[in-house]
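Peer 1: model_16.csv is reproduced in full below (CSV, C-alpha atoms).
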```csv
chain,number,residue,atom,x,y,z
A,1314,MET,CA,90.3,41.9,20.9
A,1315,LEU,CA,91.5,38.6,22.3
A,1316,GLN,CA,94.1,38.5,19.5
A,1317,THR,CA,95.3,42.0,20.7
A,1318,VAL,CA,96.1,40.6,24.1
A,1319,ALA,CA,97.5,37.3,22.6
A,1320,ASN,CA,99.9,39.2,20.3
A,1321,SER,CA,101.1,41.7,22.9
A,1322,THR,CA,104.6,41.4,24.1
A,1323,ASN,CA,103.5,42.5,27.6
A,1324,GLN,CA,100.3,42.3,29.7
A,1325,PRO,CA,98.3,45.3,28.3
A,1326,SER,CA,95.7,47.2,30.4
A,1327,ARG,CA,92.2,47.8,29.3
A,1328,ALA,CA,93.2,51.3,28.3
A,1329,ALA,CA,96.1,50.0,26.2
A,1330,VAL,CA,93.7,47.6,24.4
A,1331,SER,CA,91.4,50.5,23.8
A,1332,THR,CA,94.2,52.4,22.2
A,1333,ALA,CA,95.4,49.5,20.1
A,1334,THR,CA,92.0,48.5,18.8
A,1335,GLY,CA,90.4,51.9,18.5
A,1336,LEU,CA,87.4,50.8,20.5
A,1337,THR,CA,86.0,52.9,23.3
A,1338,ARG,CA,87.0,52.2,26.8
A,1339,ALA,CA,83.5,51.3,27.8
A,1340,THR,CA,83.2,48.8,24.9
A,1341,VAL,CA,86.6,47.2,25.8
A,1342,SER,CA,85.7,47.0,29.4
A,1343,ALA,CA,82.4,45.1,28.6
A,1344,LEU,CA,84.2,42.8,26.2
A,1345,VAL,CA,87.0,42.1,28.7
A,1346,ASP,CA,84.4,41.3,31.4
A,1347,ASP,CA,82.9,38.7,29.0
A,1348,LEU,CA,86.2,37.2,28.2
A,1349,VAL,CA,87.3,37.0,31.8
A,1350,ALA,CA,83.9,35.4,32.8
A,1351,GLY,CA,84.2,33.0,29.9
A,1352,GLY,CA,87.7,31.8,31.0
A,1353,LEU,CA,89.7,33.2,28.1
A,1354,LEU,CA,91.4,36.1,29.9
A,1355,VAL,CA,92.7,36.7,33.4
A,1356,GLU,CA,93.6,40.0,35.1
A,1357,VAL,CA,97.0,40.2,36.6
A,1358,ASP,CA,98.5,42.4,39.3
A,1359,PRO,CA,100.0,45.6,38.0
A,1360,PRO,CA,103.7,46.2,38.2
A,1361,PRO,CA,105.1,48.1,41.1
A,1362,ARG,CA,104.3,51.8,41.0
A,1363,THR,CA,107.1,54.0,39.5
A,1364,GLY,CA,105.4,57.3,39.1
A,1365,ALA,CA,102.2,59.3,39.7
A,1366,GLY,CA,98.8,57.7,39.2
A,1367,ARG,CA,97.4,54.3,39.9
A,1368,PRO,CA,99.1,51.4,38.0
A,1369,ALA,CA,96.8,49.6,35.6
A,1370,VAL,CA,95.7,46.0,36.0
A,1371,GLY,CA,97.1,43.9,33.1
A,1372,LEU,CA,95.4,41.3,31.0
A,1373,THR,CA,96.8,37.9,29.8
A,1374,LEU,CA,95.5,34.7,28.3
A,1375,THR,CA,94.4,32.1,30.7
A,1376,SER,CA,96.3,28.9,31.1
A,1377,THR,CA,93.2,27.0,32.6
A,1378,GLY,CA,90.6,27.5,29.8
A,1379,PRO,CA,90.2,26.0,26.3
A,1380,ALA,CA,92.9,23.9,24.9
A,1381,GLY,CA,93.7,22.3,21.6
A,1382,LEU,CA,94.3,18.5,21.1
A,1383,GLY,CA,96.9,17.9,18.4
A,1384,LEU,CA,97.1,14.4,16.8
A,1385,GLU,CA,99.6,12.9,14.4
A,1386,ILE,CA,99.8,9.6,12.6
A,1387,ASN,CA,102.9,8.8,10.6
A,1388,VAL,CA,104.5,5.7,9.2
A,1389,ASP,CA,106.4,4.8,12.4
A,1390,TYR,CA,104.6,6.5,15.3
A,1391,LEU,CA,101.4,7.9,16.8
A,1392,ALA,CA,101.4,11.2,18.7
A,1393,ALA,CA,99.0,13.4,20.7
A,1394,CYS,CA,99.5,16.6,22.7
A,1395,VAL,CA,97.4,19.2,24.4
A,1396,VAL,CA,98.3,22.9,24.1
A,1397,ASP,CA,96.6,25.6,26.2
A,1398,LEU,CA,95.5,29.0,25.1
A,1399,THR,CA,98.9,30.5,25.9
A,1400,GLY,CA,100.7,28.0,23.6
A,1401,ALA,CA,102.2,25.9,26.3
A,1402,VAL,CA,102.3,22.1,25.9
A,1403,ARG,CA,100.4,20.6,28.8
A,1404,GLN,CA,100.3,16.9,27.8
A,1405,ARG,CA,102.4,14.9,25.3
A,1406,PHE,CA,102.2,11.2,24.3
A,1407,VAL,CA,104.1,9.4,21.6
A,1408,GLU,CA,104.0,5.7,20.7
A,1409,HIS,CA,106.6,4.3,18.3
A,1410,ALA,CA,105.3,1.5,16.1
A,1411,ASP,CA,105.1,0.8,12.4
A,1412,GLN,CA,101.7,1.7,11.2
A,1413,ARG,CA,102.0,0.1,7.7
A,1414,PRO,CA,100.8,-3.4,8.8
A,1415,ALA,CA,97.7,-2.0,10.4
A,1416,ASP,CA,94.6,-1.2,8.4
A,1417,PRO,CA,93.4,2.4,8.7
A,1418,ALA,CA,90.6,1.7,11.2
A,1419,GLN,CA,93.0,-0.1,13.5
A,1420,ALA,CA,95.6,2.7,13.2
A,1421,LEU,CA,93.1,5.4,13.9
A,1422,ALA,CA,91.6,3.4,16.8
A,1423,ALA,CA,95.0,3.2,18.4
A,1424,LEU,CA,95.5,6.9,17.8
A,1425,GLY,CA,92.1,7.6,19.3
A,1426,ALA,CA,93.0,5.7,22.4
A,1427,LEU,CA,96.1,7.8,22.8
A,1428,ALA,CA,94.1,11.0,22.2
A,1429,ALA,CA,91.6,9.9,24.9
A,1430,ARG,CA,94.5,9.6,27.4
A,1431,ALA,CA,95.7,13.0,26.5
A,1432,ARG,CA,92.3,14.6,26.8
A,1433,LEU,CA,91.5,13.0,30.1
A,1434,ALA,CA,94.9,14.1,31.5
A,1435,ALA,CA,94.3,17.6,30.3
A,1436,GLU,CA,90.8,17.8,31.8
A,1437,ALA,CA,92.2,16.5,35.1
A,1438,ASP,CA,94.6,19.5,34.9
A,1439,GLY,CA,91.7,21.9,34.7
A,1440,LEU,CA,91.6,22.4,30.9
A,1441,THR,CA,88.7,22.1,28.5
A,1442,VAL,CA,89.6,20.6,25.1
A,1443,ALA,CA,88.0,22.7,22.5
A,1444,GLY,CA,88.6,20.4,19.5
A,1445,ALA,CA,91.1,18.1,17.8
A,1446,ALA,CA,93.2,18.4,14.6
A,1447,LEU,CA,94.8,15.4,13.0
A,1448,ALA,CA,98.0,15.6,11.0
A,1449,VAL,CA,98.4,12.9,8.3
A,1450,PRO,CA,101.2,12.3,5.7
A,1451,GLY,CA,98.9,12.5,2.7
A,1452,LEU,CA,96.5,14.5,0.5
A,1453,VAL,CA,93.4,15.6,2.5
A,1454,ALA,CA,90.1,16.7,0.9
A,1455,GLY,CA,87.2,18.5,2.4
A,1456,GLY,CA,85.5,17.0,5.5
A,1457,GLY,CA,88.7,15.2,6.6
A,1458,LEU,CA,88.7,12.6,3.8
A,1459,VAL,CA,92.3,11.3,3.3
A,1460,ARG,CA,92.3,10.8,-0.4
A,1461,VAL,CA,95.7,9.1,-0.5
A,1462,ALA,CA,98.6,8.6,2.0
A,1463,PRO,CA,101.0,6.5,-0.1
A,1464,ASN,CA,103.4,5.6,2.7
A,1465,LEU,CA,100.6,4.4,4.9
A,1466,GLY,CA,98.8,2.6,2.1
A,1467,TRP,CA,95.6,4.6,2.7
A,1468,GLN,CA,93.1,5.7,0.1
A,1469,ASP,CA,89.8,7.5,0.6
A,1470,ILE,CA,89.7,7.1,4.4
A,1471,ASP,CA,87.2,9.1,6.5
A,1472,ALA,CA,89.5,9.9,9.4
A,1473,VAL,CA,87.0,12.0,11.2
A,1474,ALA,CA,84.4,9.3,11.3
A,1475,GLU,CA,87.0,6.8,12.5
A,1476,LEU,CA,88.1,9.0,15.4
A,1477,HIS,CA,84.5,9.8,16.4
A,1478,ARG,CA,84.1,6.0,17.0
A,1479,VAL,CA,86.3,6.5,20.1
A,1480,PRO,CA,83.8,7.4,22.9
A,1481,GLU,CA,86.1,10.0,24.5
A,1482,LEU,CA,86.3,11.9,21.2
A,1483,ALA,CA,82.7,11.5,20.0
A,1484,ASP,CA,81.7,15.0,21.1
A,1485,LEU,CA,84.8,16.9,19.8
A,1486,PRO,CA,85.0,18.8,16.5
A,1487,VAL,CA,87.8,17.1,14.5
A,1488,THR,CA,89.6,18.5,11.5
A,1489,VAL,CA,92.3,16.8,9.4
A,1490,ASP,CA,95.1,18.3,7.4
A,1491,ASN,CA,98.4,17.4,5.8
A,1492,GLU,CA,101.2,17.0,8.4
A,1493,ALA,CA,103.6,19.4,6.7
A,1494,ASN,CA,100.9,22.1,6.4
A,1495,LEU,CA,100.2,21.9,10.1
A,1496,ALA,CA,104.0,21.8,10.9
A,1497,ALA,CA,104.4,25.0,8.9
A,1498,LEU,CA,101.6,26.7,10.7
A,1499,GLY,CA,103.2,25.7,14.0
A,1500,GLU,CA,106.5,27.1,12.9
A,1501,LEU,CA,104.8,30.3,11.8
A,1502,ARG,CA,103.2,30.7,15.2
A,1503,VAL,CA,106.5,30.2,17.1
A,1504,THR,CA,108.8,32.3,14.8
A,1505,GLY,CA,106.2,35.0,13.9
A,1506,ALA,CA,107.0,37.8,11.5
A,1507,THR,CA,110.5,38.1,10.0
A,1508,GLY,CA,110.7,41.9,9.9
A,1509,PRO,CA,110.7,44.8,12.4
A,1510,SER,CA,107.7,45.9,14.2
A,1511,GLY,CA,106.8,48.4,16.9
A,1512,ASP,CA,106.5,52.2,17.0
A,1513,THR,CA,108.6,54.3,14.7
A,1514,GLY,CA,108.8,57.0,17.3
A,1515,ALA,CA,106.4,59.3,15.3
A,1516,GLY,CA,103.2,57.6,16.5
A,1517,ARG,CA,103.1,55.3,13.5
A,1518,PRO,CA,103.7,51.5,13.7
A,1519,ARG,CA,106.5,50.2,11.6
A,1520,GLN,CA,105.6,48.0,8.6
A,1521,VAL,CA,105.9,44.3,9.7
A,1522,GLU,CA,107.3,42.0,7.1
A,1523,LYS,CA,105.2,38.9,7.1
A,1524,ALA,CA,106.9,35.6,7.1
A,1525,SER,CA,107.5,33.6,3.9
A,1526,PHE,CA,109.2,30.2,4.0
A,1527,LEU,CA,109.2,26.7,2.8
A,1528,TYR,CA,108.9,24.1,5.6
A,1529,VAL,CA,110.2,20.7,4.7
A,1530,SER,CA,109.1,17.7,6.9
A,1531,GLY,CA,111.6,14.8,6.7
A,1532,GLU,CA,109.9,11.6,7.7
A,1533,ILE,CA,109.8,8.3,5.8
A,1534,GLY,CA,107.9,10.4,3.3
A,1535,ILE,CA,108.8,14.0,2.7
A,1536,GLY,CA,106.2,16.8,2.7
A,1537,ALA,CA,106.4,20.6,2.5
A,1538,GLY,CA,104.3,23.5,3.8
A,1539,LEU,CA,104.6,26.7,1.9
A,1540,VAL,CA,104.0,30.0,3.8
A,1541,LEU,CA,103.7,33.2,1.7
A,1542,ASP,CA,103.3,36.6,3.4
A,1543,GLY,CA,102.2,35.0,6.6
A,1544,GLU,CA,99.6,32.7,5.0
A,1545,LEU,CA,99.7,29.0,4.3
A,1546,TYR,CA,99.4,28.3,0.5
A,1547,ARG,CA,97.5,25.1,0.0
A,1548,GLY,CA,97.1,25.1,-3.8
A,1549,VAL,CA,93.8,25.1,-5.8
A,1550,ARG,CA,92.6,21.7,-4.4
A,1551,GLY,CA,94.5,21.9,-1.1
A,1552,TRP,CA,97.2,19.4,-2.2
A,1553,SER,CA,100.3,21.5,-2.6
A,1554,GLY,CA,103.6,20.6,-0.9
A,1555,GLU,CA,104.3,17.0,-2.2
A,1556,ILE,CA,108.0,17.8,-2.5
A,1557,GLY,CA,108.9,14.2,-1.7
A,1558,HIS,CA,107.7,13.2,-5.1
A,1559,VAL,CA,109.7,15.8,-7.0
A,1560,THR,CA,112.0,13.9,-9.4
A,1561,VAL,CA,115.6,14.5,-8.6
A,1562,TYR,CA,117.1,11.6,-10.6
A,1563,PRO,CA,114.9,10.8,-13.7
A,1564,ASP,CA,116.2,7.3,-14.1
A,1565,GLY,CA,116.5,6.6,-10.4
A,1566,ARG,CA,115.0,4.2,-8.0
A,1567,PRO,CA,111.3,3.3,-8.2
A,1568,CYS,CA,109.0,5.0,-5.7
A,1569,ARG,CA,105.9,3.8,-3.9
A,1570,CYS,CA,104.0,6.5,-5.8
A,1571,GLY,CA,104.7,4.7,-9.1
A,1572,SER,CA,107.3,7.1,-10.4
A,1573,ARG,CA,111.1,6.9,-10.4
A,1574,GLY,CA,113.9,9.0,-8.8
A,1575,CYS,CA,111.6,10.8,-6.3
A,1576,LEU,CA,113.3,12.8,-3.6
A,1577,GLU,CA,112.0,10.6,-0.7
A,1578,GLN,CA,113.9,7.6,-2.2
A,1579,TYR,CA,117.2,9.5,-1.5
A,1580,ALA,CA,116.4,11.8,1.5
A,1581,GLY,CA,113.5,10.1,3.3
A,1582,GLN,CA,114.1,8.8,6.8
A,1583,GLU,CA,114.8,5.3,5.7
A,1584,ALA,CA,117.4,6.5,3.2
A,1585,LEU,CA,119.0,8.6,5.9
A,1586,GLU,CA,119.1,5.6,8.3
A,1587,SER,CA,120.8,3.5,5.6
A,1588,GLY,CA,123.5,6.2,5.2
A,1589,GLU,CA,122.4,7.4,1.8
A,1590,PRO,CA,125.3,9.5,0.5
A,1591,LEU,CA,123.1,11.5,-1.9
A,1592,ALA,CA,120.6,12.7,0.7
A,1593,ALA,CA,121.9,16.3,1.1
A,1594,ALA,CA,122.5,16.7,-2.7
A,1595,ALA,CA,119.1,15.4,-3.5
A,1596,LEU,CA,117.5,17.8,-1.1
A,1597,GLY,CA,119.5,20.6,-2.5
A,1598,ILE,CA,118.4,19.8,-6.1
A,1599,ALA,CA,114.7,19.7,-5.1
A,1600,LEU,CA,114.9,22.8,-3.0
A,1601,SER,CA,116.7,24.7,-5.7
A,1602,ALA,CA,113.8,24.1,-8.1
A,1603,VAL,CA,111.4,25.4,-5.5
A,1604,VAL,CA,113.4,28.6,-4.9
A,1605,ASN,CA,113.8,29.2,-8.6
A,1606,LEU,CA,110.1,28.9,-9.2
A,1607,LEU,CA,108.7,30.7,-6.1
A,1608,ASP,CA,111.5,33.0,-4.9
A,1609,VAL,CA,111.2,31.7,-1.3
A,1610,PRO,CA,113.8,33.4,1.0
A,1611,VAL,CA,113.9,30.9,3.8
A,1612,ILE,CA,113.9,27.1,4.0
A,1613,VAL,CA,113.1,25.4,7.3
A,1614,LEU,CA,114.1,21.7,7.8
A,1615,GLY,CA,111.9,19.8,10.2
A,1616,GLY,CA,111.0,16.3,11.3
A,1617,ALA,CA,114.0,13.9,11.1
A,1618,TYR,CA,116.0,16.7,9.4
A,1619,ALA,CA,116.0,19.0,12.5
A,1620,PRO,CA,118.3,16.9,14.7
A,1621,ILE,CA,120.8,16.3,11.9
A,1622,PHE,CA,120.6,19.7,10.3
A,1623,GLU,CA,124.3,20.5,10.6
A,1624,GLY,CA,125.2,17.3,8.8
A,1625,LEU,CA,122.9,18.1,5.9
A,1626,ARG,CA,123.6,21.9,5.7
A,1627,GLU,CA,126.8,21.9,3.7
A,1628,GLY,CA,125.6,19.6,0.9
A,1629,ILE,CA,122.2,21.4,0.6
A,1630,GLU,CA,123.8,24.9,0.5
A,1631,ALA,CA,126.3,23.7,-2.2
A,1632,GLU,CA,123.5,22.8,-4.5
A,1633,LEU,CA,121.6,26.0,-3.7
A,1634,ARG,CA,124.6,28.1,-4.6
A,1635,GLN,CA,125.1,26.2,-7.9
A,1636,ARG,CA,121.5,25.9,-9.0
A,1637,VAL,CA,119.6,28.9,-7.7
A,1638,LEU,CA,119.7,31.6,-10.4
A,1639,THR,CA,119.7,34.4,-7.8
A,1640,SER,CA,122.1,32.9,-5.3
A,1641,GLY,CA,124.7,35.6,-6.0
A,1642,LEU,CA,122.1,38.3,-5.4
A,1643,ALA,CA,120.3,37.0,-2.3
A,1644,ALA,CA,121.4,33.9,-0.5
A,1645,VAL,CA,118.6,31.5,0.7
A,1646,ALA,CA,118.5,31.2,4.5
A,1647,LEU,CA,118.5,27.6,5.7
A,1648,ARG,CA,117.6,26.7,9.3
A,1649,PRO,CA,116.3,23.9,11.5
A,1650,ALA,CA,112.7,23.9,12.7
A,1651,ALA,CA,112.1,25.6,16.0
A,1652,LEU,CA,109.7,22.8,17.1
A,1653,GLY,CA,111.8,19.9,15.9
A,1654,ALA,CA,110.1,16.6,15.5
A,1655,ASP,CA,106.9,17.7,17.4
A,1656,ALA,CA,106.1,20.4,14.8
A,1657,ALA,CA,103.1,18.6,13.1
A,1658,MET,CA,101.2,17.7,16.3
A,1659,ARG,CA,102.0,21.1,17.9
A,1660,GLY,CA,100.8,22.8,14.7
A,1661,ALA,CA,97.6,20.7,14.9
A,1662,ALA,CA,96.9,21.7,18.4
A,1663,ASP,CA,97.7,25.3,17.6
A,1664,ALA,CA,95.2,25.2,14.8
A,1665,ILE,CA,92.5,24.6,17.4
A,1666,ILE,CA,93.8,27.4,19.7
A,1667,ARG,CA,94.1,29.8,16.8
A,1668,ALA,CA,90.4,29.3,16.0
A,1669,VAL,CA,89.4,30.1,19.6
A,1670,ARG,CA,91.6,33.2,19.5
A,1671,GLU,CA,90.1,34.4,16.2
A,1672,ASP,CA,86.5,33.8,17.1
A,1673,PRO,CA,86.2,33.8,20.9
A,1674,ALA,CA,82.4,34.5,20.7
A,1675,ALA,CA,81.9,31.1,18.9
A,1676,TRP,CA,83.8,29.4,21.7
A,1677,LEU,CA,81.8,31.2,24.4
A,1678,ARG,CA,78.5,30.2,22.8
A,1679,ARG,CA,79.7,26.5,22.6
A,1680,SER,CA,80.8,26.6,26.2
A,1681,SER,CA,77.5,28.0,27.4
A,1682,GLN,CA,75.6,25.4,25.5
A,1683,ARG,CA,77.8,22.7,26.9
A,1684,TYR,CA,77.0,23.6,30.5
A,1685,ALA,CA,73.4,24.8,30.0
```
Show me this structure written as structure tokens.
Peer 2:
Amino acid sequence: MLQTVANSTNQPSRAAVSTATGLTRATVSALVDDLVAGGLLVEVDPPPRTGAGRPAVGLTLTSTGPAGLGLEINVDYLAACVVDLTGAVRQRFVEHADQRPADPAQALAALGALAARARLAAEADGLTVAGAALAVPGLVAGGGLVRVAPNLGWQDIDAVAELHRVPELADLPVTVDNEANLAALGELRVTGATGPSGDTGAGRPRQVEKASFLYVSGEIGIGAGLVLDGELYRGVRGWSGEIGHVTVYPDGRPCRCGSRGCLEQYAGQEALESGEPLAAAALGIALSAVVNLLDVPVIVLGGAYAPIFEGLREGIEAELRQRVLTSGLAAVALRPAALGADAAMRGAADAIIRAVREDPAAWLRRSSQRYA
């Protein structure tokens, strides 16, 4: 039911929630009382009366309840942000520094200190941090084990254990995921469905077309998050999306991964900063292969690509037109990320908030135990 309020375009009344969910008004009223008491919903004044009858009190998500702590470590920066239940960013901290000279424990300790600052500032602002999610540029296995992050030089690093060494984070649930996956989820939350929704006028809701897109994160390394029909596709082992190591020039430059001619050698952030003339073409070649294989209708360019999107667009689209078999039937839409360079840490924080929205009962149990 919390999701019904969260996904509403207005501030629905209890009666409207009852209609939308099919639950009885008595059941909805009891659930709403629990969610209000638990600090997840607030009641708002009704709009001015325009006709007969008493106007209904509306419901909306609280901005002073649980919040998500989003963390990101990348090759040249550390970042932390806090997002409240409404999706608003309440705290944001970024420190620019090359992480490659630091060993994993040092880098994660520095990130933990930044996260502690963000948490303390959020709690001073009346929020309760429900958990933290960490975005990393690498392959992540179950339990938060970073199997390999080639551009950081990491292998088999227990990021959760390292973050829990920071006293201010020791009591928080912490999850770890690939940064492009989390950025794609952040983009999905912001942009939502790609098709029409609402009432058809005959009492039946329109069919909502769920979003499908490829999110490409341009950093020193290049990752991708694939969203199909509104769901993130992770692959069998959770390691999909390593588009930066797709070969675009078979006899090309050596890559840190041990191969040659990888996309990130031509279109990674360092290549862009050096004025690499093949960046847009290399991206177009790699993206054409993805479209031909998966029939993805939309490509979203994020990270370092978002600010320079217009400079890359023409070269990428030229390759898409030439190489995508169906380009004459249905052009691929290319657009910059809505969240820009903050997409991964925003997506990480959103992952925590989404968990609260999807299972508010679990959060209420945790909250009651915390203050028992």
Peer 1: Per residue of stretch 1515-1558 of chain A within 9 Å of stretch 1454-1470 of chain A, which atom pair is closest and at what distance in Å (one decimal), using only C-alpha atoms, listed by chain and increasing number, as a Markdown table?
Peer 2:
```
| residue | atom | partner | partner_atom | distance |
| --- | --- | --- | --- | --- |
| A:Ile1533 | CA | A:Asn1464 | CA | 7.6 |
| A:Gly1534 | CA | A:Asn1464 | CA | 6.6 |
| A:Arg1550 | CA | A:Ala1454 | CA | 7.7 |
| A:Gly1551 | CA | A:Ala1454 | CA | 7.1 |
| A:Trp1552 | CA | A:Ala1454 | CA | 8.2 |
```
Peer 1: What does the distance between atom CA of A:Ser1553 and atom CA of A:Gly1624 come to in Å, to one decimal place?
Peer 2: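 Pair atom CA of A:Ser1553 / atom CA of A:Gly1624 returns 27.7 Å.
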Peer 1: Could you check how far atom CA of A:Ile1386 sits from atom CA of A:Glu1492, in Å to one decimal?
Peer 2: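 We find that atom CA of A:Ile1386 and atom CA of A:Glu1492 lie 8.6 Å from each other.
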Peer 1: Quick one: residues within 12 Å of A:Asp1608, all atoms listed in the file, excluding same-chain residues fewer than 6 positions away - as a compact mmCIF listing (two decimals) with C-alpha atoms, in the frame of the given file?
Peer 2:
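Generated output (out_18.txt):
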```
# COMPACT_ATOMS: atom_id res chain seq x y z
CA SER A 1525 107.50 33.60 3.90
CA PHE A 1526 109.20 30.20 4.00
CA LEU A 1527 109.20 26.70 2.80
CA LEU A 1539 104.60 26.70 1.90
CA VAL A 1540 104.00 30.00 3.80
CA LEU A 1541 103.70 33.20 1.70
CA LEU A 1600 114.90 22.80 -3.00
CA SER A 1601 116.70 24.70 -5.70
CA ALA A 1602 113.80 24.10 -8.10
CA VAL A 1637 119.60 28.90 -7.70
CA LEU A 1638 119.70 31.60 -10.40
CA THR A 1639 119.70 34.40 -7.80
CA SER A 1640 122.10 32.90 -5.30
CA LEU A 1642 122.10 38.30 -5.40
CA ALA A 1643 120.30 37.00 -2.30
CA ALA A 1644 121.40 33.90 -0.50
CA VAL A 1645 118.60 31.50 0.70
CA ALA A 1646 118.50 31.20 4.50
```
Peer 1: Show me the residues around (94.6, 22.3, 7.7) - criterion: an atom at most 9 Å away, only C-alpha atoms counted - as a PDB file with C-alpha atoms, keeping the file's coordinate frame.
Peer 2:
```
ATOM      1  CA  ALA A1446      93.200  18.400  14.600  1.00  0.00           C
ATOM      2  CA  LEU A1447      94.800  15.400  13.000  1.00  0.00           C
ATOM      3  CA  ALA A1448      98.000  15.600  11.000  1.00  0.00           C
ATOM      4  CA  VAL A1453      93.400  15.600   2.500  1.00  0.00           C
ATOM      5  CA  THR A1488      89.600  18.500  11.500  1.00  0.00           C
ATOM      6  CA  VAL A1489      92.300  16.800   9.400  1.00  0.00           C
ATOM      7  CA  ASP A1490      95.100  18.300   7.400  1.00  0.00           C
ATOM      8  CA  ASN A1491      98.400  17.400   5.800  1.00  0.00           C
ATOM      9  CA  GLU A1492     101.200  17.000   8.400  1.00  0.00           C
ATOM     10  CA  ASN A1494     100.900  22.100   6.400  1.00  0.00           C
ATOM     11  CA  LEU A1495     100.200  21.900  10.100  1.00  0.00           C
ATOM     12  CA  LEU A1498     101.600  26.700  10.700  1.00  0.00           C
ATOM     13  CA  ARG A1547      97.500  25.100   0.000  1.00  0.00           C
ATOM     14  CA  GLY A1551      94.500  21.900  -1.100  1.00  0.00           C
ATOM     15  CA  ALA A1661      97.600  20.700  14.900  1.00  0.00           C
ATOM     16  CA  ALA A1664      95.200  25.200  14.800  1.00  0.00           C
TER      17      ALA A1664
END
```
Peer 1: Tell me which protein, DNA and RNA residues are within 6 Å of A:Gln1324, counting all atoms listed in the file, leaving out same-chain ones fewer than 5 positions away, and put them as a ChimeraX atom specification.
Peer 2: /A:1371-1373
Peer 1: Counting all atoms listed in the file, which of A:Glu1627, A:Asp1347, A:Val1407, A:Asp1663 gets nearest to A:Ala1496?
Peer 2: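 Residue with the minimum atom-to-atom distance to A:Ala1496: A:Asp1663.
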Peer 1: I need every residue sitting at most 12 Å from the point (94.7, 44.9, 23.8) (coordinates as in the file, only C-alpha atoms considered), written as JSON, numbers by chain.
Peer 2: {"A": [1314, 1315, 1316, 1317, 1318, 1319, 1320, 1321, 1322, 1323, 1324, 1325, 1326, 1327, 1328, 1329, 1330, 1331, 1332, 1333, 1334, 1335, 1336, 1337, 1338, 1341, 1342, 1344, 1345, 1354, 1371, 1372, 1373, 1374]}
Peer 1: Taking into account only C-alpha atoms, which residue in the set A:Gly1451, A:Pro1590, A:Gly1581, A:Gly1444 is nearest to A:Pro1486?
Peer 2: A:Gly1444
Peer 1: If we count only C-alpha atoms, what is near A:Thr1377 at a cut-off of 12 Å, once residues fewer than 3 positions away on the same chain are taken out, given as a count of residues only?
Peer 2: 25
Peer 1: Work out how far apart atom CA of A:Asp1411 and atom CA of A:Ser1572 are and give it in Å to one decimal.
Peer 2: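 Between atom CA of A:Asp1411 and atom CA of A:Ser1572 the gap is 23.8 Å.
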Peer 1: When distances are computed from only C-alpha atoms, which of A:Pro1414, A:Ile1535, A:Phe1622, A:Leu1614 shows the smallest separation from A:Leu1576?
Peer 2: A:Ile1535
Peer 1: Which residue, A:Arg1659, A:Arg1634, A:His1409, A:Arg1478, has the smallest gap to A:Ala1493 when you use all atoms listed in the file?
Peer 2: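 Nearest candidate to A:Ala1493 out of A:Arg1659, A:Arg1634, A:His1409, A:Arg1478: A:Arg1659.
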